[in-house]
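Listing of run36.csv, CSV, C-alpha atoms
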chain,number,residue,atom,x,y,z
A,55,MET,CA,20.8,-10.3,20.4
A,56,LEU,CA,20.3,-7.4,17.9
A,57,GLY,CA,16.9,-8.7,16.9
A,58,ARG,CA,15.7,-8.7,20.5
A,59,PHE,CA,15.9,-4.9,20.6
A,60,LEU,CA,14.9,-4.2,17.0
A,61,PHE,CA,12.0,-6.5,16.3
A,62,ARG,CA,8.5,-6.7,17.6
A,63,ASN,CA,7.2,-10.2,18.2
A,64,ALA,CA,3.6,-10.9,17.1
A,65,GLN,CA,1.3,-13.9,16.3
A,66,VAL,CA,-0.9,-14.2,13.3
A,67,ALA,CA,-4.4,-14.0,14.8
A,68,ARG,CA,-6.6,-14.0,11.6
A,69,VAL,CA,-6.2,-14.6,7.9
A,70,ARG,CA,-8.8,-14.0,5.2
A,71,ASP,CA,-8.8,-14.4,1.5
A,72,VAL,CA,-10.1,-11.1,0.0
A,73,SER,CA,-9.6,-12.2,-3.6
A,74,PRO,CA,-7.3,-14.6,-5.5
A,75,HIS,CA,-4.4,-12.2,-5.2
A,76,PHE,CA,-5.1,-10.4,-1.9
A,77,ARG,CA,-5.0,-11.7,1.7
A,78,TRP,CA,-5.9,-9.8,4.8
A,79,VAL,CA,-3.7,-10.7,7.8
A,80,GLU,CA,-4.1,-9.5,11.4
A,81,LEU,CA,-1.2,-9.6,13.8
A,82,GLU,CA,-1.5,-9.5,17.6
A,83,GLY,CA,0.9,-9.3,20.5
A,84,GLU,CA,1.9,-7.5,23.7
A,85,ALA,CA,4.7,-5.8,21.8
A,86,LEU,CA,2.0,-4.0,19.7
A,87,ARG,CA,0.3,-2.4,22.6
A,88,GLY,CA,0.8,1.3,23.3
A,89,VAL,CA,2.5,1.9,20.0
A,90,SER,CA,2.4,5.2,18.3
A,91,TRP,CA,1.3,4.9,14.6
A,92,SER,CA,0.4,7.4,11.9
A,93,ALA,CA,-1.3,6.8,8.6
A,94,GLY,CA,1.3,6.1,5.9
A,95,ASP,CA,3.8,4.5,8.3
A,96,LYS,CA,5.4,1.2,7.4
A,97,VAL,CA,6.4,-2.1,9.0
A,98,GLN,CA,9.1,-4.4,7.8
A,99,VAL,CA,8.3,-8.1,8.2
A,100,TYR,CA,11.2,-10.4,8.7
A,101,LEU,CA,10.9,-13.5,6.5
A,102,PRO,CA,13.5,-16.2,7.5
A,103,ASP,CA,16.0,-16.9,4.7
A,104,MET,CA,14.3,-14.3,2.5
A,105,GLY,CA,15.0,-10.9,4.2
A,106,MET,CA,12.6,-8.1,5.0
A,107,ARG,CA,9.4,-7.1,3.2
A,108,THR,CA,7.7,-3.8,3.7
A,109,TYR,CA,4.0,-3.3,4.2
A,110,THR,CA,1.7,-0.4,5.1
A,111,PRO,CA,-0.6,-1.3,8.0
A,112,LEU,CA,-4.3,-0.7,7.3
A,113,ALA,CA,-4.9,0.2,10.9
A,114,TRP,CA,-3.3,-0.1,14.4
A,115,ASP,CA,-5.2,-0.9,17.6
A,116,ALA,CA,-2.7,0.2,20.3
A,117,ALA,CA,-5.0,-0.7,23.2
A,118,ARG,CA,-5.6,-4.3,22.0
A,119,GLY,CA,-2.2,-4.7,20.5
A,120,ALA,CA,-3.2,-5.5,16.9
A,121,THR,CA,-2.5,-4.4,13.4
A,122,GLN,CA,-3.8,-5.5,9.9
A,123,LEU,CA,-2.0,-5.9,6.6
A,124,LEU,CA,-3.3,-6.3,3.1
A,125,VAL,CA,-0.8,-8.6,1.3
A,126,TYR,CA,-0.7,-8.6,-2.5
A,127,LEU,CA,0.2,-12.0,-3.9
A,128,HIS,CA,2.2,-11.0,-6.9
A,129,GLY,CA,4.2,-13.7,-8.7
A,130,ASN,CA,6.7,-15.8,-6.7
A,131,SER,CA,8.3,-13.1,-4.7
A,132,PRO,CA,9.2,-13.8,-1.1
A,133,GLY,CA,6.4,-11.5,0.2
A,134,ALA,CA,3.9,-13.2,-2.0
A,135,GLU,CA,5.0,-16.7,-0.9
A,136,TRP,CA,4.7,-15.6,2.7
A,137,GLY,CA,1.3,-14.2,2.1
A,138,ARG,CA,0.1,-17.4,0.5
A,139,ASN,CA,1.4,-19.7,3.2
A,140,VAL,CA,0.8,-17.7,6.4
A,141,ARG,CA,-1.5,-19.4,8.8
A,142,VAL,CA,-3.3,-18.5,12.1
A,143,GLY,CA,-0.9,-19.2,15.0
A,144,ASP,CA,2.3,-18.5,13.0
A,145,GLY,CA,4.8,-16.3,14.7
A,146,CYS,CA,5.9,-13.1,13.1
A,147,GLN,CA,8.7,-10.6,13.7
A,148,PHE,CA,8.8,-7.1,12.3
A,149,MET,CA,10.4,-3.7,12.6
A,150,GLY,CA,8.4,-0.6,13.0
A,151,PRO,CA,6.1,1.1,12.6
A,152,ARG,CA,8.1,4.0,11.3
A,153,GLY,CA,7.7,6.9,8.9
A,154,SER,CA,7.3,6.2,5.2
A,155,LEU,CA,4.8,8.6,3.7
A,156,ALA,CA,3.9,11.6,6.0
A,157,LEU,CA,0.2,11.7,5.1
A,158,THR,CA,-0.8,13.6,8.3
A,159,SER,CA,1.2,16.6,7.0
A,160,LEU,CA,-0.8,17.0,3.9
A,161,GLN,CA,-3.2,20.0,3.8
A,162,GLY,CA,-6.0,20.5,1.3
A,163,PRO,CA,-6.9,18.1,-1.6
A,164,VAL,CA,-4.9,15.0,-2.4
A,165,VAL,CA,-4.6,13.0,-5.6
A,166,LEU,CA,-3.0,9.6,-5.1
A,167,PHE,CA,-1.5,7.4,-7.8
A,168,GLY,CA,-0.5,3.8,-7.2
A,169,ASP,CA,-1.2,0.1,-8.0
A,170,GLU,CA,-2.3,-3.0,-6.1
A,171,THR,CA,0.6,-2.5,-3.6
A,172,SER,CA,-0.9,1.0,-2.8
A,173,PHE,CA,-4.4,-0.1,-1.8
A,174,ALA,CA,-3.5,-0.1,1.9
A,175,VAL,CA,-2.0,3.4,1.9
A,176,ALA,CA,-5.0,4.7,0.0
A,177,HIS,CA,-7.2,3.1,2.7
A,178,THR,CA,-5.3,4.8,5.5
A,179,LEU,CA,-5.4,8.1,3.6
A,180,ARG,CA,-9.2,7.9,3.3
A,181,ASN,CA,-9.6,7.0,7.0
A,182,LEU,CA,-7.4,9.9,7.9
A,183,ARG,CA,-9.4,12.3,5.8
A,184,ALA,CA,-12.8,10.8,6.8
A,185,GLY,CA,-15.6,13.3,6.2
A,186,ALA,CA,-13.3,15.6,4.3
A,187,GLU,CA,-13.7,16.4,0.6
A,188,GLY,CA,-10.9,16.3,-1.9
A,189,VAL,CA,-9.3,12.8,-2.1
A,190,GLU,CA,-9.0,11.0,-5.4
A,191,GLN,CA,-7.2,7.8,-6.4
A,192,VAL,CA,-6.0,6.6,-9.8
A,193,PHE,CA,-4.5,3.1,-9.9
A,194,GLU,CA,-2.8,1.0,-12.6
A,195,VAL,CA,-4.0,-2.6,-12.2
A,196,SER,CA,-3.6,-6.0,-13.8
A,197,SER,CA,-7.3,-6.8,-13.5
A,198,ARG,CA,-10.1,-4.4,-13.1
A,199,ASP,CA,-12.5,-7.3,-12.3
A,200,GLU,CA,-10.4,-8.4,-9.4
A,201,SER,CA,-9.5,-5.0,-8.1
A,202,GLU,CA,-12.9,-3.4,-8.0
A,203,PRO,CA,-14.4,-5.7,-5.2
A,204,VAL,CA,-11.2,-5.3,-3.2
A,205,LEU,CA,-11.3,-1.6,-3.4
A,206,ARG,CA,-15.0,-1.6,-2.6
A,207,GLU,CA,-14.4,-3.6,0.6
A,208,PHE,CA,-11.8,-1.0,1.7
A,209,HIS,CA,-14.1,2.0,0.9
A,210,LEU,CA,-12.2,3.0,-2.2
A,211,SER,CA,-14.9,2.1,-4.8
A,212,ASP,CA,-14.7,5.6,-6.4
A,213,SER,CA,-11.2,5.0,-7.5
A,214,ALA,CA,-10.2,5.4,-11.2
A,215,LEU,CA,-8.7,2.1,-12.6
A,216,VAL,CA,-6.6,1.7,-15.7
A,217,GLU,CA,-5.6,-1.8,-16.7
A,218,ARG,CA,-2.0,-2.4,-17.6
A,219,ALA,CA,-1.1,-2.7,-21.3
A,220,PRO,CA,2.0,-4.1,-22.9
A,221,GLY,CA,4.9,-1.7,-23.1
A,222,ASP,CA,3.2,0.6,-20.6
A,223,GLY,CA,0.8,1.6,-23.3
A,224,HIS,CA,-1.7,2.4,-20.6
A,225,LEU,CA,0.3,5.2,-18.9
A,226,PRO,CA,-0.9,8.0,-21.2
A,227,ALA,CA,-4.4,7.2,-20.0
A,228,VAL,CA,-3.2,7.2,-16.4
A,229,ALA,CA,-1.5,10.6,-16.9
A,230,GLU,CA,-4.8,12.0,-18.4
A,231,ARG,CA,-6.8,10.8,-15.4
A,232,LEU,CA,-4.2,12.3,-12.9
A,233,GLY,CA,-4.2,15.6,-14.8
A,234,ASP,CA,-8.0,15.8,-14.8
A,235,ALA,CA,-8.1,15.1,-11.1
A,236,LEU,CA,-5.6,17.8,-10.3
A,237,LYS,CA,-7.5,20.3,-12.4
A,238,ARG,CA,-10.7,19.4,-10.5
A,239,ARG,CA,-8.9,20.1,-7.2
A,240,PRO,CA,-6.7,23.2,-7.5
A,241,GLY,CA,-3.8,23.2,-5.0
A,242,ALA,CA,-3.9,19.5,-4.5
A,243,HIS,CA,-0.9,17.4,-3.5
A,244,LEU,CA,0.0,14.5,-5.7
A,245,VAL,CA,1.1,11.4,-3.9
A,246,MET,CA,2.9,8.9,-6.2
A,247,THR,CA,3.3,5.3,-5.0
A,248,GLY,CA,3.7,1.8,-6.4
A,249,ARG,CA,5.9,0.8,-9.3
A,250,ALA,CA,9.1,2.9,-9.7
A,251,GLN,CA,9.0,2.8,-13.5
A,252,ALA,CA,5.4,4.0,-13.7
A,253,ILE,CA,6.1,6.9,-11.3
A,254,GLN,CA,9.1,8.1,-13.3
A,255,ALA,CA,7.2,8.0,-16.6
A,256,LEU,CA,4.1,9.7,-15.2
A,257,ARG,CA,6.1,12.5,-13.5
A,258,ALA,CA,7.9,13.2,-16.8
A,259,ARG,CA,4.6,13.1,-18.8
A,260,LEU,CA,2.8,15.4,-16.4
A,261,LYS,CA,5.8,17.8,-16.5
A,262,THR,CA,5.7,17.8,-20.3
A,263,ASP,CA,1.9,18.4,-20.2
A,264,GLY,CA,2.4,21.4,-17.9
A,265,VAL,CA,0.6,19.8,-15.0
A,266,GLY,CA,2.2,20.9,-11.8
A,267,ALA,CA,1.5,20.0,-8.1
A,268,PRO,CA,3.4,19.5,-4.9
A,269,GLN,CA,4.5,15.9,-4.8
A,270,LYS,CA,5.3,13.1,-2.3
A,271,VAL,CA,6.9,10.1,-3.9
A,272,LYS,CA,7.4,6.6,-2.6
A,273,ALA,CA,8.2,3.7,-4.9
A,274,TYR,CA,7.1,0.4,-3.3
A,275,TRP,CA,8.7,-1.9,-6.0
A,276,SER,CA,10.7,-1.8,-9.1
A,277,VAL,CA,10.9,-4.3,-12.0
A,278,GLY,CA,14.0,-6.4,-11.7
A,279,LYS,CA,14.5,-5.6,-8.0
A,280,ARG,CA,13.4,-7.2,-4.8
A,281,GLY,CA,12.2,-5.6,-1.5
A,282,LEU,CA,12.4,-1.9,-1.9
A,283,ASP,CA,12.3,-0.2,1.5
Show me, as structure tokens, the structure contained in the file I just sent.
Amino acid sequence: MLGRFLFRNAQVARVRDVSPHFRWVELEGEALRGVSWSAGDKVQVYLPDMGMRTYTPLAWDAARGATQLLVYLHGNSPGAEWGRNVRVGDGCQFMGPRGSLALTSLQGPVVLFGDETSFAVAHTLRNLRAGAEGVEQVFEVSSRDESEPVLREFHLSDSALVERAPGDGHLPAVAERLGDALKRRPGAHLVMTGRAQAIQALRARLKTDGVGAPQKVKAYWSVGKRGLD
């Protein structure tokens, strides 16, 4: 009874393998028509027996009643298993869209940090700021070779990529890239997304280095935890 009022019902209309660890999924349904959506909003997909998993829609077509997700297939998490096994014709229930990162409120330049789970929000930010100067992305990634073509497809080919190293040994290089980007764009907002531990370490490092900027922070996942909201 509760789900009838909270969830939107949709059907998987299209699925496409973008790379070995990324799948593009399009959802369609009458419940998606006439919906108000803003860049940076989230949806929470209900996975039976596994709970909710949160995604940032790449786009939303309120007239057609359709939205697209970029699912990162990381490990054996419930979200990754759903992404690997989802097929055209499958039913899908989700909550939202609702606010997560208020990207429309940002004025002036933006520097975004994230990882593979942040590619979708970076794409929505770029679309939101289409034709405007002053957006840079810095990502920590497991594989540069895999990430580069994915980012190119979603018009983020100018992103700076730093491959992960054991013990977070790559984070000083990430902090340097972020600091340089903020210096190139005085007054920029810093949007921090992705892995909670990386966000915490980078904020501390930037503070120590005397690099300041207004910040918006949204951790999408944390080591040892499942399904951050």
| message | Which residues are near Ser201 in chain A? Cut-off 10 Å, only C-alpha atoms, ignore same chain within fewer than 4 positions. Put them as number ranges by chain. | response | A: 73, 75-76, 169-170, 173, 193, 195-197, 205-206, 211, 215, 217
| request: Identify, on the basis of all atoms listed in the file, every residue whose closest approach to Trp91 in chain A does not exceed 12 Å; exclude the query and any residue fewer than 2 positions from it along the same chain; express the result as a ChimeraX atom specification. | output: /A:86-89,93-97,110-116,119-121,150-154,156-158,178
| said: Would you pick out the contacts of Arg62 in chain A at 7 Å or less, using only C-alpha atoms, so that residues sharing its chain but fewer than 3 positions from it are not included, and give the list as a list in words? | reply: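 The contact residues come out as Ala85, Gln147, Phe148 and Met149 of chain A.
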| Residue contacts of Met104 in chain A (10 Å, all atoms listed in the file) excluding same-chain residues fewer than 4 positions away, as a list of chain:residue names |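 The residues that qualify are A:Tyr100, A:Ser131, A:Pro132, A:Gly133, A:Trp136, A:Gly281.
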| said: Report, in Å with one decimal, the straight-line distance from CA of Phe61 in chain A to CA of Glu80 in chain A. | reply: 17.1 Å
May I have a table of the residues of range 65-179 of chain A lying at most 12 Å from range 248-256 of chain A, giving each one's closest pair of atoms and their distance in Å to one decimal, counting all atoms listed in the file, ordered by chain and ascending residue number, as JSON lines?
{"residue": "A:Tyr109", "atom": "CA", "partner": "A:Gly248", "partner_atom": "CA", "distance": 11.8}
{"residue": "A:Thr110", "atom": "CA", "partner": "A:Gly248", "partner_atom": "CA", "distance": 11.9}
{"residue": "A:Tyr126", "atom": "CA", "partner": "A:Gly248", "partner_atom": "CA", "distance": 11.9}
{"residue": "A:Leu166", "atom": "CA", "partner": "A:Gly248", "partner_atom": "CA", "distance": 10.4}
{"residue": "A:Phe167", "atom": "CA", "partner": "A:Gly248", "partner_atom": "CA", "distance": 7.8}
{"residue": "A:Gly168", "atom": "CA", "partner": "A:Gly248", "partner_atom": "CA", "distance": 4.7}
{"residue": "A:Asp169", "atom": "CA", "partner": "A:Gly248", "partner_atom": "CA", "distance": 5.4}
{"residue": "A:Glu170", "atom": "CA", "partner": "A:Gly248", "partner_atom": "CA", "distance": 7.7}
{"residue": "A:Thr171", "atom": "CA", "partner": "A:Gly248", "partner_atom": "CA", "distance": 6.0}
{"residue": "A:Ser172", "atom": "CA", "partner": "A:Gly248", "partner_atom": "CA", "distance": 5.9}
{"residue": "A:Phe173", "atom": "CA", "partner": "A:Gly248", "partner_atom": "CA", "distance": 9.5}
{"residue": "A:Ala174", "atom": "CA", "partner": "A:Gly248", "partner_atom": "CA", "distance": 11.2}
{"residue": "A:Val175", "atom": "CA", "partner": "A:Gly248", "partner_atom": "CA", "distance": 10.2}
{"residue": "A:Ala176", "atom": "CA", "partner": "A:Gly248", "partner_atom": "CA", "distance": 11.2}
Okay, now the selection with C-alpha atoms, as a compact mmCIF listing (two decimals), in the coordinates of the input?
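Contents of the output file result_4.txt:
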# COMPACT_ATOMS: atom_id res chain seq x y z
CA TYR A 109 4.00 -3.30 4.20
CA THR A 110 1.70 -0.40 5.10
CA TYR A 126 -0.70 -8.60 -2.50
CA LEU A 166 -3.00 9.60 -5.10
CA PHE A 167 -1.50 7.40 -7.80
CA GLY A 168 -0.50 3.80 -7.20
CA ASP A 169 -1.20 0.10 -8.00
CA GLU A 170 -2.30 -3.00 -6.10
CA THR A 171 0.60 -2.50 -3.60
CA SER A 172 -0.90 1.00 -2.80
CA PHE A 173 -4.40 -0.10 -1.80
CA ALA A 174 -3.50 -0.10 1.90
CA VAL A 175 -2.00 3.40 1.90
CA ALA A 176 -5.00 4.70 0.00
| query | Separation of CA of Met246 in chain A and CA of Gln269 in chain A, in Å? | reply |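 CA of Gln269 in chain A lies at a distance of 7.3 Å from CA of Met246 in chain A.
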| request: With a distance cut-off of 10 Å and only C-alpha atoms, select the neighbouring residues of Val72 in chain A, excluding the residue or stretch itself and same-chain residues fewer than 4 positions from it, and output the selection as JSON, numbers by chain. | output: {"A": [76, 77, 78, 124, 125, 200, 203, 204, 207]}
| query | What separation in Å, quoted to one decimal, exists between CA of Arg141 in chain A and CA of Arg68 in chain A? | reply |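 Rounded to one decimal, the two atoms are 7.9 Å apart.
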| task | For each of A:Val69, A:Ala258, A:Val192, A:Leu244, take the minimum atom-to-atom distance to Ala227 in chain A, counting only C-alpha atoms, then give the residue where this is smallest. | result | A:Val192
| field | Nearest to Gly223 in chain A by atom-to-atom distance, counting all atoms listed in the file, from A:Ala242, A:Val99, A:Pro268, A:Glu194 | value |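 Closest to Gly223 in chain A, using all atoms listed in the file: A:Glu194.
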